[in-house]
Amino acid sequence: MEYRTGSTVSSQEMALFDLAKRLERYREGRHAVHVHLSRLKSVNRRNHHLRVALSTVSSNFAGSDCQAFLLANNDLVFVSKDVDLKKLDDIIMQLRSLFSDDPLVIAAGDHESGHGQFATIYNLEKQYPAFMDFCKEIAAKDQDRKRRLSEMAVQTAADVADSRHPLTTAQLARLEEYLERTEITNVMKRQPVCVITGKEPPKPIFKELYVSIMELATSMLPDVNLASNRWLFQHLTQILDKRMLSRLSKARDSALQTHFSVNLNVNTLLEPEFLAFDNSLHAGSRETIIIELHLIDILADMSMYQFARDFVKERGYRICVDGISADALPFVDRKLLGADMVKVFADDTFSPNASTERKEAMAKEINRQGKGRIILARCDSRAIITAGQEMGITVFQGHYIDMALQQLSKLSSAAKSQKQA
């Protein structure tokens with residue numbers, strides 16, 4: 001039994017496609033089974049479910065000529081030689097038993113009438129063209145997705161360029177020295193993320209903790225574009241990550257213990273500072289913490305992201321993909337990335353002047369991602385929130401919400417003062 005893996009998301013699809021091409025002349029006695037795990041409910045497609053499913057296949061083919069592929073969309077494909085249909089049926093039934101309470105499995109019914117939408121069996125002697133078409137399709141889709149994400153990352157990186165001077169190593173050293181002397185809480189910001197239903201007031205569900213790098217730059221290096229050199233900028237953000245994690249590890253403030261999100265680099269999740277932070281948390285608090293990772297950082301090293309993502313999610317944290325423009329959202333697959341949420345930056349798509357076609361396209365995209373899985377950030381007006389609600393968004397963040405909460409706090413304080421009087 002051989003399990004194929006690789007360093008990129010597309011390697012499984014391409015490896016399966018390569019195998020399919022080689023099998024054109026060696027189809028005798030071979031079957032391929034496509035297990036549609038992507039059709040299961042998301043609660044049944046967590047990493048440990050996929051590992052158990054793969055282990056189930058491996059244990060049945062120990063020492064046999066079989067290759068298995070776990071695709072990016074969570075589907076499982078395995079190709080075997082000289083295995084009768086009864087054994088393949090038995091293996092599929094074992095897999096179905098792992099998800100017996102899922103609607104997909106329930107709908108599949110008795111295996112004697114087939115496996116419904118749960119699994120497809122290909123007899124490669126007779127159905128090779130159909131199997132090859134399937135392999136071509138998933139390989140093409142994966143390559144296209146990778147190309148579009150790469151183009152988007154290049155464009156996003158280009159957008160941050162401006163007329164300020166580029167950051168130098170000497171200036172970075174000055175910033176690093178300054179941060180070593182400065183109490184990090186002086187530059188830490190907290191911004192609420194709220195659920196807003198209809199015209200009801202915002203209801204905070206957690207706060208984003210972050211360091212305002214731009215404010216830091218304005219105070220120290222106003223004529224320098226910190227983002228001009230990606231590697232120096234990333235080094236700076238990693239320094240800030242470690243300082244923030246150190247601060248959170250020692251925090252006595254209950255507001256810094258639960259129900260917050262924190263922006264980190266992917267690499268930081270594998271550093272000792274993150275482990276120290278993780279060890280400092282109370283039992284059960286990890287489930288209330290969201291780790292925000294920038295899309296470009298994710299794309300820079302997909303294999304590192306996958307490893308870090310699995311590492312933190314197994315501990316109970318949730319993942320939010322940050323740094324997504326409205327135009328880029330169609331090229332991001334939240335489920336493929338294994339993320340719990342995505343943060344989209346509001347733009348003209350959410351203005352009253354946006355075309356109906358544009359709004360409908362965004363509403364369709366939001367529905368694909370999952371309505372409750374989108375955070376609409378940079379909400380600077382009520383009109384943006386209203387447009388987001390019309391498209392199906394319920395979670396918002398931005399200066400308008402900050403001001404609304406401040407006003408509500410003032411009204412509440414005034415009401416309490418009147419009662420006391």
# chains A, B, ... in the order shown; residues from 1 in each chain; ligands from 1

call {"tool": "residues_around", "arguments": {"residues": "region 328-334 of chain A", "least_positions_apart": "5", "cutoff": "10 Å", "atoms": "only C-alpha atoms", "output": "MDAnalysis selection string"}}
result
chainID A and resid 73 144:149 152:153 156 295 320:321 323 339:345 361:362 364:366 368:370 373:374

call {"tool": "residues_around", "arguments": {"residues": "region 132-142 of chain A", "least_positions_apart": "2", "cutoff": "9 Å", "atoms": "only C-alpha atoms", "output": "list in words"}}
result
Val9, Ser10, Gln12, Glu13, Met14, Ala15, Leu16, Phe17, Asp18, Ala20, Lys21, Glu24, Ala72, Gln127, Tyr128, Pro129, Ala130, Asp144, Arg145, Lys146 and Arg147 of chain A

call {"tool": "residues_around", "arguments": {"residues": "region 405-413 of chain A", "least_positions_apart": "3", "cutoff": "12 Å", "atoms": "only C-alpha atoms", "output": "number ranges by chain"}}
result
A: 191-194, 196, 200-204, 397-402, 416-420

call {"tool": "select_by_dssp", "arguments": {"residues": "region 35-266 of chain A", "states": "strand (DSSP E or B)", "output": "ChimeraX atom specification"}}
result
/A:35,66-70,76-81,119-123,165-166,188-195,203-211,224-225,260-263

call {"tool": "closest_residue", "arguments": {"among": "A:Glu208, A:Asp278, A:Asp223, A:Asp310", "to": "Phe260 (chain A)", "atoms": "only C-alpha atoms"}}
result
A:Glu208

call {"tool": "residues_around", "arguments": {"residues": "Ala383 (chain A)", "least_positions_apart": "3", "cutoff": "8 Å", "atoms": "only C-alpha atoms", "output": "PyMOL selection string"}}
result
chain A and resi 350-352+386-387

call {"tool": "write_last_selection", "arguments": {"atoms": "N, CA, C and O atoms", "output": "PDB file, in the first residue's frame"}}
result
ATOM      1  N   PHE A 350     -19.643  47.014  -2.084  1.00  0.00           N
ATOM      2  CA  PHE A 350     -20.621  47.146  -1.011  1.00  0.00           C
ATOM      3  C   PHE A 350     -21.179  48.568  -0.903  1.00  0.00           C
ATOM      4  O   PHE A 350     -21.737  48.944   0.125  1.00  0.00           O
ATOM      5  N   SER A 351     -21.024  49.342  -1.974  1.00  0.00           N
ATOM      6  CA  SER A 351     -21.562  50.704  -1.982  1.00  0.00           C
ATOM      7  C   SER A 351     -22.942  50.716  -2.636  1.00  0.00           C
ATOM      8  O   SER A 351     -23.272  49.828  -3.431  1.00  0.00           O
ATOM      9  N   PRO A 352     -23.765  51.724  -2.338  1.00  0.00           N
ATOM     10  CA  PRO A 352     -25.101  51.816  -2.956  1.00  0.00           C
ATOM     11  C   PRO A 352     -25.035  51.918  -4.476  1.00  0.00           C
ATOM     12  O   PRO A 352     -26.007  51.585  -5.157  1.00  0.00           O
ATOM     13  N   THR A 386     -25.267  47.521   5.600  1.00  0.00           N
ATOM     14  CA  THR A 386     -26.552  47.174   5.001  1.00  0.00           C
ATOM     15  C   THR A 386     -26.358  46.354   3.729  1.00  0.00           C
ATOM     16  O   THR A 386     -27.042  45.339   3.516  1.00  0.00           O
ATOM     17  N   ALA A 387     -25.393  46.783   2.881  1.00  0.00           N
ATOM     18  CA  ALA A 387     -25.114  46.034   1.648  1.00  0.00           C
ATOM     19  C   ALA A 387     -24.614  44.634   1.969  1.00  0.00           C
ATOM     20  O   ALA A 387     -25.010  43.649   1.335  1.00  0.00           O
TER      21      ALA A 387
END

call {"tool": "residues_around", "arguments": {"residues": "Ser261 (chain A)", "least_positions_apart": "6", "cutoff": "9 Å", "atoms": "only C-alpha atoms", "output": "list in words"}}
result
Phe206, Lys207, Glu208, Leu209, Tyr210, Thr288, Ile289, Ile290, Ile291, Glu292 and Cys320 of chain A

call {"tool": "atom_distance", "arguments": {"atom1": "CA of Val57 (chain A)", "atom2": "CA of Ala119 (chain A)"}}
result
13.4 Å

call {"tool": "atom_distance", "arguments": {"atom1": "CA of Val83 (chain A)", "atom2": "CA of Leu70 (chain A)"}}
result
20.4 Å

call {"tool": "select_by_dssp", "arguments": {"residues": "region 346-397 of chain A", "states": "helix (DSSP H, G or I)", "output": "list in words"}}
result
Asp348, Thr349, Phe350, Thr356, Glu357, Arg358, Lys359, Glu360, Ala361, Met362, Ala363, Lys364, Glu365, Ile366, Asn367, Arg368, Gln369, Lys371, Gly372, Arg373, Arg382, Ala383, Ile384, Ile385, Thr386, Ala387, Gly388, Gln389 and Glu390 of chain A

call {"tool": "closest_residue", "arguments": {"among": "A:Ala326, A:Leu104, A:Leu216, A:Leu275", "to": "Ala377 (chain A)", "atoms": "only C-alpha atoms"}}
result
A:Ala326

call {"tool": "atom_distance", "arguments": {"atom1": "CA of Ala53 (chain A)", "atom2": "CA of Leu98 (chain A)"}}
result
7.7 Å

call {"tool": "closest_residue", "arguments": {"among": "A:Asp75, A:Asp241, A:Asp65, A:Glu125", "to": "Arg25 (chain A)", "atoms": "only C-alpha atoms"}}
result
A:Glu125

call {"tool": "residues_around", "arguments": {"residues": "Asp297 (chain A)", "least_positions_apart": "4", "cutoff": "8 Å", "atoms": "only C-alpha atoms", "output": "ChimeraX atom specification"}}
result
/A:265-266,293,301

call {"tool": "residues_around", "arguments": {"residues": "Phe277 (chain A)", "least_positions_apart": "4", "cutoff": "8 Å", "atoms": "only C-alpha atoms", "output": "PDB file with all heavy atoms, in the first residue's frame"}}
result
ATOM      1  N   LEU A 245       3.001  37.685  21.614  1.00  0.00           N
ATOM      2  CA  LEU A 245       2.759  36.396  22.254  1.00  0.00           C
ATOM      3  C   LEU A 245       3.338  36.372  23.665  1.00  0.00           C
ATOM      4  O   LEU A 245       2.735  35.809  24.583  1.00  0.00           O
ATOM      5  CB  LEU A 245       3.360  35.265  21.412  1.00  0.00           C
ATOM      6  CG  LEU A 245       2.635  34.958  20.106  1.00  0.00           C
ATOM      7  CD1 LEU A 245       3.432  33.961  19.276  1.00  0.00           C
ATOM      8  CD2 LEU A 245       1.229  34.409  20.373  1.00  0.00           C
ATOM      9  N   SER A 246       4.507  36.982  23.828  1.00  0.00           N
ATOM     10  CA  SER A 246       5.109  37.069  25.158  1.00  0.00           C
ATOM     11  C   SER A 246       4.206  37.859  26.099  1.00  0.00           C
ATOM     12  O   SER A 246       4.012  37.481  27.262  1.00  0.00           O
ATOM     13  CB  SER A 246       6.485  37.725  25.057  1.00  0.00           C
ATOM     14  OG  SER A 246       7.059  37.900  26.337  1.00  0.00           O
ATOM     15  N   LEU A 248       0.916  38.283  25.769  1.00  0.00           N
ATOM     16  CA  LEU A 248      -0.309  37.525  26.021  1.00  0.00           C
ATOM     17  C   LEU A 248      -0.070  36.372  26.992  1.00  0.00           C
ATOM     18  O   LEU A 248      -0.965  36.008  27.761  1.00  0.00           O
ATOM     19  CB  LEU A 248      -0.869  36.983  24.699  1.00  0.00           C
ATOM     20  CG  LEU A 248      -1.404  38.036  23.711  1.00  0.00           C
ATOM     21  CD1 LEU A 248      -1.812  37.370  22.404  1.00  0.00           C
ATOM     22  CD2 LEU A 248      -2.580  38.789  24.312  1.00  0.00           C
ATOM     23  N   SER A 249       1.116  35.785  26.947  1.00  0.00           N
ATOM     24  CA  SER A 249       1.436  34.682  27.853  1.00  0.00           C
ATOM     25  C   SER A 249       1.425  35.119  29.309  1.00  0.00           C
ATOM     26  O   SER A 249       1.129  34.338  30.213  1.00  0.00           O
ATOM     27  CB  SER A 249       2.814  34.099  27.518  1.00  0.00           C
ATOM     28  OG  SER A 249       2.852  33.592  26.218  1.00  0.00           O
ATOM     29  N   GLU A 273       7.966  30.722  21.075  1.00  0.00           N
ATOM     30  CA  GLU A 273       7.104  31.728  21.695  1.00  0.00           C
ATOM     31  C   GLU A 273       5.633  31.344  21.603  1.00  0.00           C
ATOM     32  O   GLU A 273       4.860  31.609  22.525  1.00  0.00           O
ATOM     33  CB  GLU A 273       7.321  33.097  21.031  1.00  0.00           C
ATOM     34  CG  GLU A 273       8.637  33.761  21.377  1.00  0.00           C
ATOM     35  CD  GLU A 273       9.813  33.234  20.575  1.00  0.00           C
ATOM     36  OE1 GLU A 273       9.590  32.344  19.697  1.00  0.00           O
ATOM     37  OE2 GLU A 273      10.947  33.681  20.815  1.00  0.00           O
ATOM     38  N   LEU A 281      -2.290  29.035  28.421  1.00  0.00           N
ATOM     39  CA  LEU A 281      -3.737  29.174  28.338  1.00  0.00           C
ATOM     40  C   LEU A 281      -4.447  28.225  29.291  1.00  0.00           C
ATOM     41  O   LEU A 281      -3.970  27.121  29.571  1.00  0.00           O
ATOM     42  CB  LEU A 281      -4.209  28.903  26.907  1.00  0.00           C
ATOM     43  CG  LEU A 281      -3.725  29.888  25.840  1.00  0.00           C
ATOM     44  CD1 LEU A 281      -4.126  29.409  24.464  1.00  0.00           C
ATOM     45  CD2 LEU A 281      -4.293  31.279  26.106  1.00  0.00           C
TER      46      LEU A 281
END

call {"tool": "closest_residue", "arguments": {"among": "A:Val262, A:Leu172, A:Ala283, A:Leu270", "to": "Ile239 (chain A)", "atoms": "only C-alpha atoms"}}
result
A:Leu172
